[in-house]
$ cat start-v3.pdb   # PDB, C-alpha atoms
MODEL        1
ATOM      1  CA  MET M   1       0.000   0.000   0.000
ATOM      2  CA  ALA M   2       1.305   3.458  -0.883
ATOM      3  CA  ALA M   3       2.153   5.851   1.920
ATOM      4  CA  ARG M   4      -0.245   8.744   2.392
ATOM      5  CA  ARG M   5       1.192  12.156   1.617
ATOM      6  CA  ARG M   6       0.976  14.611   4.506
ATOM      7  CA  ILE M   7       0.872  18.337   3.909
ATOM      8  CA  LYS M   8       1.653  20.840   6.631
ATOM      9  CA  HIS M   9      -0.333  23.988   5.848
ATOM     10  CA  THR M  10       1.112  27.306   6.908
ATOM     11  CA  ALA M  11      -2.137  29.250   6.408
ATOM     12  CA  THR M  12      -5.448  28.542   8.124
ATOM     13  CA  PHE M  13      -8.351  26.993   6.247
ATOM     14  CA  GLU M  14     -10.170  30.353   6.189
ATOM     15  CA  GLU M  15      -7.100  32.111   4.784
ATOM     16  CA  ARG M  16      -6.712  29.515   2.058
ATOM     17  CA  LEU M  17     -10.393  29.815   1.103
ATOM     18  CA  ALA M  18     -10.114  33.626   0.969
ATOM     19  CA  GLU M  19      -6.977  33.427  -1.192
ATOM     20  CA  GLU M  20      -8.676  30.962  -3.524
ATOM     21  CA  ALA M  21     -11.731  33.219  -3.899
ATOM     22  CA  ILE M  22      -9.483  36.197  -4.687
ATOM     23  CA  ARG M  23      -7.514  34.201  -7.268
ATOM     24  CA  PHE M  24     -10.716  33.067  -9.005
ATOM     25  CA  LYS M  25     -12.137  36.616  -9.046
ATOM     26  CA  GLU M  26      -8.911  38.017 -10.507
ATOM     27  CA  ALA M  27      -8.851  35.304 -13.167
ATOM     28  CA  ALA M  28     -12.521  35.996 -13.992
ATOM     29  CA  GLU M  29     -11.767  39.704 -14.533
ATOM     30  CA  LYS M  30      -9.340  38.730 -17.303
ATOM     31  CA  GLN M  31     -12.046  36.810 -19.174
ATOM     32  CA  PRO M  32     -14.535  38.457 -21.527
ATOM     33  CA  ILE M  33     -17.878  39.412 -19.963
ATOM     34  CA  GLY M  34     -20.501  36.710 -20.478
ATOM     35  CA  SER M  35     -18.027  33.968 -21.340
ATOM     36  CA  LEU M  36     -18.463  30.491 -19.904
ATOM     37  CA  ALA M  37     -14.951  30.560 -18.424
ATOM     38  CA  ARG M  38     -15.744  33.782 -16.542
ATOM     39  CA  GLU M  39     -18.991  32.369 -15.172
ATOM     40  CA  LEU M  40     -17.260  29.186 -14.000
ATOM     41  CA  LEU M  41     -14.507  31.158 -12.277
ATOM     42  CA  LEU M  42     -17.049  33.375 -10.526
ATOM     43  CA  ARG M  43     -18.971  30.275  -9.436
ATOM     44  CA  ARG M  44     -15.811  28.801  -7.927
ATOM     45  CA  ALA M  45     -15.171  32.087  -6.077
ATOM     46  CA  ARG M  46     -18.713  32.021  -4.642
ATOM     47  CA  GLN M  47     -18.244  28.387  -3.626
ATOM     48  CA  ALA M  48     -15.062  29.259  -1.721
ATOM     49  CA  GLU M  49     -16.852  32.140   0.021
ATOM     50  CA  THR M  50     -19.799  29.887   0.897
ATOM     51  CA  ALA M  51     -17.439  27.246   2.276
ATOM     52  CA  SER M  52     -15.869  29.912   4.473
ATOM     53  CA  HIS M  53     -19.294  30.971   5.793
ATOM     54  CA  ILE M  54     -20.260  27.364   6.512
ATOM     55  CA  ASN M  55     -16.954  26.774   8.274
ATOM     56  CA  ASN M  56     -17.507  29.873  10.429
ATOM     57  CA  TRP M  57     -21.005  28.673  11.275
ATOM     58  CA  LEU M  58     -19.734  25.207  12.234
ATOM     59  CA  ARG M  59     -17.046  26.705  14.455
ATOM     60  CA  SER M  60     -19.397  29.142  16.186
ATOM     61  CA  PRO M  61     -20.057  28.471  19.883
ATOM     62  CA  GLY M  62     -23.840  28.829  19.510
ATOM     63  CA  LEU M  63     -24.072  26.469  16.513
ATOM     64  CA  ARG M  64     -27.606  27.301  15.492
ATOM     65  CA  PRO M  65     -28.982  26.494  12.046
ATOM     66  CA  PRO M  66     -29.588  29.393   9.669
ATOM     67  CA  GLU M  67     -32.963  31.162   9.962
ATOM     68  CA  ALA M  68     -34.177  29.859   6.581
ATOM     69  CA  LEU M  69     -33.528  26.296   7.715
ATOM     70  CA  GLU M  70     -35.416  26.830  10.976
ATOM     71  CA  ASN M  71     -38.404  28.159   9.017
ATOM     72  CA  LEU M  72     -38.329  25.154   6.706
ATOM     73  CA  VAL M  73     -38.336  22.699   9.625
ATOM     74  CA  SER M  74     -41.156  24.531  11.427
ATOM     75  CA  ASP M  75     -43.216  24.585   8.208
ATOM     76  CA  GLN M  76     -42.856  20.820   7.852
ATOM     77  CA  LYS M  77     -44.136  20.238  11.414
ATOM     78  CA  LYS M  78     -47.439  22.051  10.691
TER
ENDMDL
END
$ encode --input "start-v3.pdb" --output "structure tokens"
Amino acid sequence: MAARRRIKHTATFEERLAEEAIRFKEAAEKQPIGSLARELLLRRARQAETASHINNWLRSPGLRPPEALENLVSDQKK
């Protein structure tokens, strides 16, 4: 069995997500407006930002679900 590669990160997960979002936004600015490549790069930037928000939510001490999710659950109980 092959040995598993270990990577020691110097930046935090949040910092790496922020850097990735910035890189994707900068790359998208170089693409023509309306192009598929630009849209895909902007989508990846939004995904990195969303992942950062989810990570912050998971690490929060209160750990409550988002309001929209609470409304959905309460609507299903009716």
$ closest_residue --input "start-v3.pdb" --among "M:Glu14, M:Glu29, M:Glu19, M:Glu39" --to "M:Ser52" --atoms "only C-alpha atoms"
M:Glu14
$ axis_aligned_box --input "start-v3.pdb" --around "stretch 35-52 of chain M" --padding-each-side "8 Å" --output "lines of an AutoDock Vina configuration file"
center_x = -17.2
center_y = 30.6
center_z = -8.4
size_x = 21.3
size_y = 22.7
size_z = 41.8
$ atom_distance --input "start-v3.pdb" --atom1 "atom CA of M:Ala51" --atom2 "atom CA of M:Glu15"
11.7 Å
$ residues_around --input "start-v3.pdb" --residues "M:Leu40" --least-positions-apart "2" --cutoff "12 Å" --atoms "all atoms listed in the file" --output "number ranges by chain"
M: 24-25, 27-29, 31, 33-38, 42-47
$ resolve_selection --input "start-v3.pdb" --expression "the PyMOL selection byres ((chain M and resi 54) around 12)" --output "count of residues only"
20
$ closest_residue --input "start-v3.pdb" --among "M:Gly62, M:Ala11, M:Leu41, M:Arg4" --to "M:Glu26" --atoms "only C-alpha atoms"
M:Leu41
